[in-house]
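Engineer: Contents of model-v4.txt (compact mmCIF, N, CA and C atoms) are below:
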# COMPACT_ATOMS: atom_id res chain seq x y z
N MET A 1 94.70 15.74 -120.84
CA MET A 1 93.35 15.22 -120.84
C MET A 1 92.87 15.07 -119.41
N LYS A 2 91.64 15.45 -119.16
CA LYS A 2 91.05 15.30 -117.82
C LYS A 2 90.48 13.89 -117.69
N ALA A 3 90.68 13.29 -116.51
CA ALA A 3 90.10 11.99 -116.21
C ALA A 3 89.56 12.01 -114.79
N ILE A 4 88.45 11.31 -114.59
CA ILE A 4 87.88 11.11 -113.27
C ILE A 4 88.09 9.64 -112.93
N ILE A 5 88.69 9.41 -111.77
CA ILE A 5 88.96 8.03 -111.37
C ILE A 5 88.29 7.72 -110.04
N ALA A 6 87.95 6.44 -109.87
CA ALA A 6 87.40 5.94 -108.62
C ALA A 6 88.46 5.06 -107.97
N ILE A 7 88.63 5.24 -106.68
CA ILE A 7 89.62 4.51 -105.91
C ILE A 7 88.88 3.77 -104.81
N GLY A 8 89.21 2.50 -104.62
CA GLY A 8 88.56 1.73 -103.55
C GLY A 8 89.50 0.69 -102.97
N THR A 9 89.22 0.32 -101.73
CA THR A 9 89.97 -0.74 -101.06
C THR A 9 89.09 -1.35 -99.97
N ASN A 10 89.18 -2.67 -99.81
CA ASN A 10 88.47 -3.32 -98.71
C ASN A 10 89.41 -4.18 -97.87
N LEU A 11 90.70 -3.96 -98.02
CA LEU A 11 91.70 -4.73 -97.29
C LEU A 11 92.74 -3.77 -96.72
N ASN A 12 92.92 -3.82 -95.41
CA ASN A 12 93.86 -2.90 -94.77
C ASN A 12 93.54 -1.47 -95.25
N GLN A 13 92.27 -1.12 -95.14
CA GLN A 13 91.71 0.05 -95.80
C GLN A 13 92.47 1.35 -95.57
N ARG A 14 92.73 1.69 -94.34
CA ARG A 14 93.36 2.99 -94.06
C ARG A 14 94.74 3.07 -94.71
N ASP A 15 95.57 2.07 -94.47
CA ASP A 15 96.93 2.10 -95.01
C ASP A 15 96.94 2.07 -96.54
N ASN A 16 96.10 1.22 -97.13
CA ASN A 16 96.05 1.14 -98.59
C ASN A 16 95.51 2.42 -99.21
N ALA A 17 94.50 3.02 -98.58
CA ALA A 17 93.95 4.27 -99.11
C ALA A 17 95.01 5.37 -99.08
N LEU A 18 95.74 5.46 -97.97
CA LEU A 18 96.79 6.48 -97.88
C LEU A 18 97.94 6.21 -98.85
N SER A 19 98.29 4.95 -99.02
CA SER A 19 99.38 4.59 -99.95
C SER A 19 99.03 4.95 -101.39
N VAL A 20 97.81 4.59 -101.81
CA VAL A 20 97.44 4.87 -103.20
C VAL A 20 97.33 6.37 -103.42
N ARG A 21 96.86 7.09 -102.43
CA ARG A 21 96.80 8.55 -102.55
C ARG A 21 98.21 9.13 -102.71
N GLU A 22 99.15 8.59 -101.96
CA GLU A 22 100.54 9.05 -102.06
C GLU A 22 101.14 8.72 -103.44
N TYR A 23 100.91 7.50 -103.92
CA TYR A 23 101.39 7.13 -105.26
C TYR A 23 100.83 8.07 -106.33
N LEU A 24 99.53 8.27 -106.28
CA LEU A 24 98.89 9.12 -107.28
C LEU A 24 99.35 10.57 -107.18
N GLY A 25 99.51 11.05 -105.96
CA GLY A 25 100.03 12.40 -105.77
C GLY A 25 101.44 12.54 -106.33
N GLY A 26 102.26 11.50 -106.16
CA GLY A 26 103.60 11.52 -106.71
C GLY A 26 103.60 11.51 -108.23
N MET A 27 102.65 10.82 -108.81
CA MET A 27 102.58 10.72 -110.28
C MET A 27 102.01 12.00 -110.90
N PHE A 28 100.93 12.52 -110.32
CA PHE A 28 100.20 13.62 -110.95
C PHE A 28 100.42 14.97 -110.28
N GLY A 29 101.07 14.98 -109.12
CA GLY A 29 101.41 16.23 -108.45
C GLY A 29 100.23 17.16 -108.27
N SER A 30 100.40 18.40 -108.68
CA SER A 30 99.35 19.40 -108.51
C SER A 30 98.21 19.22 -109.52
N ASP A 31 98.34 18.24 -110.43
CA ASP A 31 97.29 17.98 -111.42
C ASP A 31 96.29 16.95 -110.93
N ILE A 32 96.18 16.78 -109.62
CA ILE A 32 95.19 15.84 -109.07
C ILE A 32 94.43 16.51 -107.93
N VAL A 33 93.12 16.25 -107.91
CA VAL A 33 92.24 16.73 -106.84
C VAL A 33 91.51 15.50 -106.30
N PHE A 34 91.60 15.28 -104.98
CA PHE A 34 90.95 14.15 -104.34
C PHE A 34 89.71 14.58 -103.59
N THR A 35 88.73 13.68 -103.51
CA THR A 35 87.65 13.83 -102.56
C THR A 35 88.11 13.24 -101.24
N GLN A 36 87.27 13.37 -100.23
CA GLN A 36 87.51 12.64 -98.99
C GLN A 36 87.36 11.15 -99.26
N PHE A 37 87.88 10.33 -98.37
CA PHE A 37 87.60 8.89 -98.44
C PHE A 37 86.30 8.63 -97.69
N MET A 38 85.45 7.81 -98.28
CA MET A 38 84.15 7.52 -97.71
C MET A 38 84.05 6.02 -97.42
N LYS A 39 83.60 5.68 -96.24
CA LYS A 39 83.39 4.28 -95.87
C LYS A 39 82.06 3.83 -96.48
N THR A 40 82.10 2.70 -97.21
CA THR A 40 80.90 2.21 -97.88
C THR A 40 80.75 0.71 -97.67
N LYS A 41 79.53 0.25 -97.82
CA LYS A 41 79.25 -1.19 -97.76
C LYS A 41 79.51 -1.79 -99.14
N PRO A 42 79.87 -3.07 -99.19
CA PRO A 42 80.06 -3.72 -100.49
C PRO A 42 78.76 -3.67 -101.31
N VAL A 43 78.88 -3.41 -102.60
CA VAL A 43 77.68 -3.32 -103.44
C VAL A 43 77.00 -4.67 -103.60
N ASP A 44 77.75 -5.76 -103.37
CA ASP A 44 77.15 -7.10 -103.48
C ASP A 44 76.53 -7.57 -102.17
N GLY A 45 76.53 -6.69 -101.15
CA GLY A 45 75.92 -7.02 -99.88
C GLY A 45 76.79 -7.88 -98.97
N GLY A 46 78.04 -8.09 -99.32
CA GLY A 46 78.94 -8.91 -98.52
C GLY A 46 79.31 -8.25 -97.20
N ASP A 47 80.15 -8.95 -96.46
CA ASP A 47 80.62 -8.46 -95.17
C ASP A 47 81.71 -7.41 -95.35
N GLY A 48 82.03 -6.73 -94.26
CA GLY A 48 83.12 -5.77 -94.27
C GLY A 48 82.70 -4.44 -94.85
N TYR A 49 83.71 -3.67 -95.22
CA TYR A 49 83.45 -2.36 -95.79
C TYR A 49 84.59 -1.97 -96.73
N TYR A 50 84.31 -0.99 -97.54
CA TYR A 50 85.28 -0.39 -98.45
C TYR A 50 85.56 1.04 -97.99
N ILE A 51 86.67 1.55 -98.43
CA ILE A 51 86.92 2.98 -98.40
C ILE A 51 87.04 3.40 -99.86
N ASN A 52 86.25 4.41 -100.25
CA ASN A 52 86.21 4.86 -101.63
C ASN A 52 86.46 6.36 -101.72
N ALA A 53 87.00 6.77 -102.85
CA ALA A 53 87.20 8.19 -103.14
C ALA A 53 87.16 8.37 -104.65
N LEU A 54 86.98 9.60 -105.07
CA LEU A 54 87.14 9.98 -106.47
C LEU A 54 88.31 10.95 -106.56
N ALA A 55 88.87 11.03 -107.74
CA ALA A 55 89.92 12.02 -108.00
C ALA A 55 89.80 12.49 -109.44
N GLU A 56 90.19 13.72 -109.65
CA GLU A 56 90.29 14.27 -111.00
C GLU A 56 91.76 14.47 -111.29
N ILE A 57 92.20 13.97 -112.44
CA ILE A 57 93.58 14.14 -112.84
C ILE A 57 93.63 14.80 -114.22
N HIS A 58 94.78 15.33 -114.53
CA HIS A 58 95.06 15.85 -115.87
C HIS A 58 96.34 15.16 -116.32
N THR A 59 96.30 14.57 -117.50
CA THR A 59 97.41 13.75 -117.96
C THR A 59 97.56 13.84 -119.47
N ASN A 60 98.78 13.57 -119.93
CA ASN A 60 99.05 13.44 -121.35
C ASN A 60 99.00 11.99 -121.80
N MET A 61 98.80 11.07 -120.86
CA MET A 61 98.73 9.64 -121.20
C MET A 61 97.46 9.35 -121.99
N SER A 62 97.55 8.39 -122.89
CA SER A 62 96.36 7.92 -123.59
C SER A 62 95.50 7.14 -122.60
N TYR A 63 94.25 6.92 -122.95
CA TYR A 63 93.36 6.13 -122.10
C TYR A 63 93.97 4.76 -121.84
N LYS A 64 94.44 4.12 -122.91
CA LYS A 64 95.02 2.77 -122.80
C LYS A 64 96.23 2.77 -121.86
N ASP A 65 97.12 3.73 -122.01
CA ASP A 65 98.32 3.79 -121.16
C ASP A 65 97.95 4.10 -119.71
N LEU A 66 96.99 4.98 -119.52
CA LEU A 66 96.56 5.33 -118.17
C LEU A 66 95.94 4.12 -117.48
N LYS A 67 95.09 3.42 -118.20
CA LYS A 67 94.45 2.22 -117.64
C LYS A 67 95.51 1.19 -117.25
N GLN A 68 96.51 1.00 -118.10
CA GLN A 68 97.57 0.04 -117.80
C GLN A 68 98.39 0.50 -116.59
N TRP A 69 98.66 1.80 -116.50
CA TRP A 69 99.42 2.33 -115.36
C TRP A 69 98.67 2.04 -114.06
N PHE A 70 97.34 2.22 -114.08
CA PHE A 70 96.54 1.92 -112.90
C PHE A 70 96.56 0.43 -112.57
N LYS A 71 96.48 -0.43 -113.58
CA LYS A 71 96.53 -1.88 -113.34
C LYS A 71 97.88 -2.27 -112.73
N ASP A 72 98.95 -1.68 -113.22
CA ASP A 72 100.28 -1.94 -112.66
C ASP A 72 100.35 -1.46 -111.21
N LEU A 73 99.78 -0.30 -110.92
CA LEU A 73 99.77 0.23 -109.57
C LEU A 73 98.98 -0.70 -108.64
N GLU A 74 97.83 -1.18 -109.11
CA GLU A 74 97.04 -2.12 -108.31
C GLU A 74 97.88 -3.34 -107.94
N GLN A 75 98.60 -3.89 -108.92
CA GLN A 75 99.44 -5.06 -108.66
C GLN A 75 100.57 -4.72 -107.70
N ASN A 76 101.17 -3.55 -107.86
CA ASN A 76 102.24 -3.13 -106.95
C ASN A 76 101.74 -2.97 -105.52
N CYS A 77 100.44 -2.70 -105.38
CA CYS A 77 99.84 -2.55 -104.05
C CYS A 77 99.29 -3.88 -103.52
N GLY A 78 99.56 -4.97 -104.23
CA GLY A 78 99.20 -6.30 -103.73
C GLY A 78 97.99 -6.95 -104.34
N ARG A 79 97.37 -6.34 -105.35
CA ARG A 79 96.19 -6.95 -105.95
C ARG A 79 96.59 -8.09 -106.88
N ASN A 80 95.86 -9.19 -106.78
CA ASN A 80 96.07 -10.30 -107.71
C ASN A 80 94.73 -10.97 -108.00
N GLN A 81 94.72 -11.78 -109.05
CA GLN A 81 93.47 -12.40 -109.51
C GLN A 81 92.84 -13.29 -108.45
N GLU A 82 93.66 -14.08 -107.78
CA GLU A 82 93.12 -15.03 -106.80
C GLU A 82 92.42 -14.30 -105.66
N ASP A 83 93.08 -13.31 -105.07
CA ASP A 83 92.47 -12.57 -103.97
C ASP A 83 91.24 -11.79 -104.43
N SER A 84 91.32 -11.20 -105.63
CA SER A 84 90.18 -10.45 -106.15
C SER A 84 88.98 -11.37 -106.31
N GLY A 85 89.23 -12.60 -106.79
CA GLY A 85 88.14 -13.57 -106.94
C GLY A 85 87.51 -13.93 -105.62
N ASP A 86 88.29 -13.85 -104.54
CA ASP A 86 87.79 -14.14 -103.20
C ASP A 86 87.20 -12.91 -102.52
N GLY A 87 87.21 -11.76 -103.22
CA GLY A 87 86.62 -10.54 -102.69
C GLY A 87 87.57 -9.66 -101.90
N TYR A 88 88.88 -9.96 -101.93
CA TYR A 88 89.86 -9.15 -101.23
C TYR A 88 90.49 -8.17 -102.22
N ILE A 89 90.24 -6.89 -102.01
CA ILE A 89 90.69 -5.87 -102.95
C ILE A 89 91.59 -4.87 -102.22
N PRO A 90 92.94 -5.06 -102.28
CA PRO A 90 93.82 -4.10 -101.63
C PRO A 90 93.68 -2.71 -102.25
N VAL A 91 93.60 -2.64 -103.57
CA VAL A 91 93.43 -1.37 -104.28
C VAL A 91 92.70 -1.63 -105.59
N ASP A 92 91.71 -0.81 -105.86
CA ASP A 92 91.00 -0.85 -107.14
C ASP A 92 90.94 0.58 -107.66
N ILE A 93 91.38 0.77 -108.89
CA ILE A 93 91.32 2.10 -109.51
C ILE A 93 90.64 1.94 -110.86
N ASP A 94 89.55 2.65 -111.04
CA ASP A 94 88.79 2.60 -112.29
C ASP A 94 88.70 3.99 -112.89
N ILE A 95 88.80 4.05 -114.19
CA ILE A 95 88.60 5.31 -114.91
C ILE A 95 87.10 5.44 -115.17
N LEU A 96 86.48 6.44 -114.57
CA LEU A 96 85.05 6.68 -114.78
C LEU A 96 84.80 7.62 -115.94
N GLN A 97 85.76 8.49 -116.20
CA GLN A 97 85.63 9.43 -117.31
C GLN A 97 87.02 9.77 -117.83
N TYR A 98 87.13 9.84 -119.14
CA TYR A 98 88.38 10.25 -119.79
C TYR A 98 87.99 11.23 -120.88
N GLY A 99 88.40 12.47 -120.71
CA GLY A 99 87.91 13.51 -121.61
C GLY A 99 86.41 13.65 -121.42
N ASP A 100 85.67 13.59 -122.51
CA ASP A 100 84.21 13.70 -122.44
C ASP A 100 83.52 12.35 -122.41
N LYS A 101 84.28 11.26 -122.47
CA LYS A 101 83.69 9.91 -122.53
C LYS A 101 83.59 9.31 -121.13
N ARG A 102 82.38 8.89 -120.79
CA ARG A 102 82.14 8.23 -119.50
C ARG A 102 82.20 6.72 -119.65
N PHE A 103 82.68 6.08 -118.59
CA PHE A 103 82.76 4.63 -118.52
C PHE A 103 82.07 4.17 -117.24
N LYS A 104 81.76 2.88 -117.16
CA LYS A 104 81.21 2.28 -115.95
C LYS A 104 79.95 3.02 -115.48
N GLU A 105 78.99 3.11 -116.36
CA GLU A 105 77.75 3.83 -116.06
C GLU A 105 77.08 3.33 -114.78
N GLU A 106 77.19 2.01 -114.50
CA GLU A 106 76.58 1.48 -113.28
C GLU A 106 77.20 2.10 -112.03
N ASP A 107 78.49 2.44 -112.08
CA ASP A 107 79.14 3.08 -110.94
C ASP A 107 78.63 4.50 -110.74
N TRP A 108 78.38 5.22 -111.81
CA TRP A 108 77.89 6.60 -111.71
C TRP A 108 76.53 6.64 -110.99
N CYS A 109 75.79 5.53 -110.98
CA CYS A 109 74.47 5.49 -110.34
C CYS A 109 74.54 5.18 -108.85
N ARG A 110 75.69 4.79 -108.35
CA ARG A 110 75.83 4.44 -106.94
C ARG A 110 75.77 5.71 -106.07
N ASP A 111 75.11 5.61 -104.93
CA ASP A 111 74.92 6.77 -104.06
C ASP A 111 76.25 7.38 -103.63
N TYR A 112 77.22 6.55 -103.28
CA TYR A 112 78.49 7.11 -102.81
C TYR A 112 79.24 7.81 -103.94
N VAL A 113 79.13 7.32 -105.17
CA VAL A 113 79.77 7.99 -106.30
C VAL A 113 79.09 9.33 -106.55
N LYS A 114 77.77 9.36 -106.47
CA LYS A 114 77.05 10.63 -106.63
C LYS A 114 77.49 11.65 -105.58
N ALA A 115 77.62 11.20 -104.33
CA ALA A 115 78.01 12.12 -103.25
C ALA A 115 79.46 12.59 -103.45
N LEU A 116 80.35 11.68 -103.80
CA LEU A 116 81.75 12.06 -104.01
C LEU A 116 81.91 12.93 -105.26
N TRP A 117 81.11 12.68 -106.29
CA TRP A 117 81.15 13.50 -107.50
C TRP A 117 80.72 14.93 -107.18
N LYS A 118 79.68 15.06 -106.35
CA LYS A 118 79.23 16.40 -105.94
C LYS A 118 80.36 17.11 -105.19
N GLU A 119 81.04 16.40 -104.28
CA GLU A 119 82.16 16.99 -103.55
C GLU A 119 83.29 17.40 -104.51
N LEU A 120 83.60 16.54 -105.46
CA LEU A 120 84.69 16.84 -106.40
C LEU A 120 84.37 18.08 -107.23
N ARG A 121 83.13 18.21 -107.68
CA ARG A 121 82.74 19.40 -108.45
C ARG A 121 82.90 20.65 -107.62
N GLN A 122 82.57 20.58 -106.32
CA GLN A 122 82.72 21.73 -105.43
C GLN A 122 84.19 22.10 -105.27
N LYS A 123 85.06 21.11 -105.18
CA LYS A 123 86.49 21.37 -105.00
C LYS A 123 87.12 21.97 -106.25
N ARG A 124 86.55 21.68 -107.41
CA ARG A 124 87.11 22.18 -108.67
C ARG A 124 86.75 23.62 -108.91
N LYS A 125 85.78 24.17 -108.20
CA LYS A 125 85.34 25.55 -108.44
C LYS A 125 86.35 26.55 -107.96
Give the structure from this file in structure tokens form.
Structural biologist:
Amino acid sequence: MKAIIAIGTNLNQRDNALSVREYLGGMFGSDIVFTQFMKTKPVDGGDGYYINALAEIHTNMSYKDLKQWFKDLEQNCGRNQEDSGDGYIPVDIDILQYGDKRFKEEDWCRDYVKALWKELRQKRK
């Protein structure tokens, strides 16, 4: 099954972005295509910045299992409820599309997602 995922971090951005890319590459191997990482401002207008990317993967995992695997990866990379509530996000991975079903429609409307989606489509050609 094809899935489009969004990856973001606003804490120790460079190291966390590279680490999550390495984890995902190890899990999905040649079945993953990444966009570049893009520096973005927080959508809530807060201080600091995020590094965001999109990736396309192909997997035999169910949506539920894939989502849980990403949540486990986030925790392994240092994400917890308390820090997330305070706005510190070491790693965030969201499934934007699984098969033909889209999720998180508000994210698809963000300028950086549109730009990264355009890049990802170009890379898939």
Engineer: From chain A, collect each residue whose DSSP state is helix (DSSP H, G or I) and return the set as a PyMOL selection string.
Structural biologist: chain A and resi 13-31+63-76+81-85+105-108+111-124
Engineer: Under the rule that only C-alpha atoms are counted, which of A:Glu56, A:Asp94, A:Glu22, A:Asp44 is the nearest residue to Lys71 in chain A?
Structural biologist: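 The shortest atom-to-atom distance to Lys71 in chain A comes from A:Asp94.
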Engineer: Compare A:Asn76, A:Thr35, A:Ser62, A:Thr40 by their minimum atom-to-atom distance to Ile5 in chain A, counting only C-alpha atoms, and give me the closest one.
Structural biologist: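 Checking each of A:Asn76, A:Thr35, A:Ser62, A:Thr40 against Ile5 in chain A, counting only C-alpha atoms, the winner is A:Thr35.
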Engineer: Enter the distance from CA of Val20 in chain A to atom N of Lys39 in chain A, in Å, rounded to one decimal.
Structural biologist: 15.5 Å
Engineer: If you count only N, CA and C atoms, which residues fall within 8 Å of range 111-113 of chain A, apart from same-chain ones fewer than 4 positions away, as number ranges by chain?
Structural biologist: A: 38-40, 52-54, 107, 117-119
Engineer: List the spatial neighbours of Met1 in chain A as a count of residues only - criterion: any atom at most 6.5 Å away, only N, CA and C atoms, same-chain residues fewer than 6 positions off excluded.
Structural biologist: 7
Engineer: Residues at most 6.5 Å from range 91-93 of chain A, counting all atoms listed in the file, excluding those fewer than 6 positions away in the same chain, as an MDAnalysis selection string?
Structural biologist: chainID A and resid 5:11 70 74 77:79
Engineer: DSSP on the backbone, then: every residue of chain A marked strand (DSSP E or B), written as a ChimeraX atom specification.
Structural biologist: /A:2-9,32-34,38-40,50-58,92-98,101-102
Engineer: What's the 6.5 Å shell around Gln97 in chain A, counting only N, CA and C atoms, without same-chain residues fewer than 4 positions away, as a PyMOL selection string?
Structural biologist: chain A and resi 2-5+101-103
Engineer: Between A:Gly25, A:Asp31, A:Val43, A:Arg14, single out the one closest to Arg110 in chain A, counting only C-alpha atoms.
Structural biologist: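 So, comparing all the options, the nearest one is A:Val43.
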Engineer: Which residue is closest to Phe37 in chain A? Choose from A:Ile51, A:Gln122, A:Asn80, A:Leu24 and count only N, CA and C atoms.
Structural biologist: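 Using only N, CA and C atoms, Phe37 in chain A sits closest to A:Ile51.
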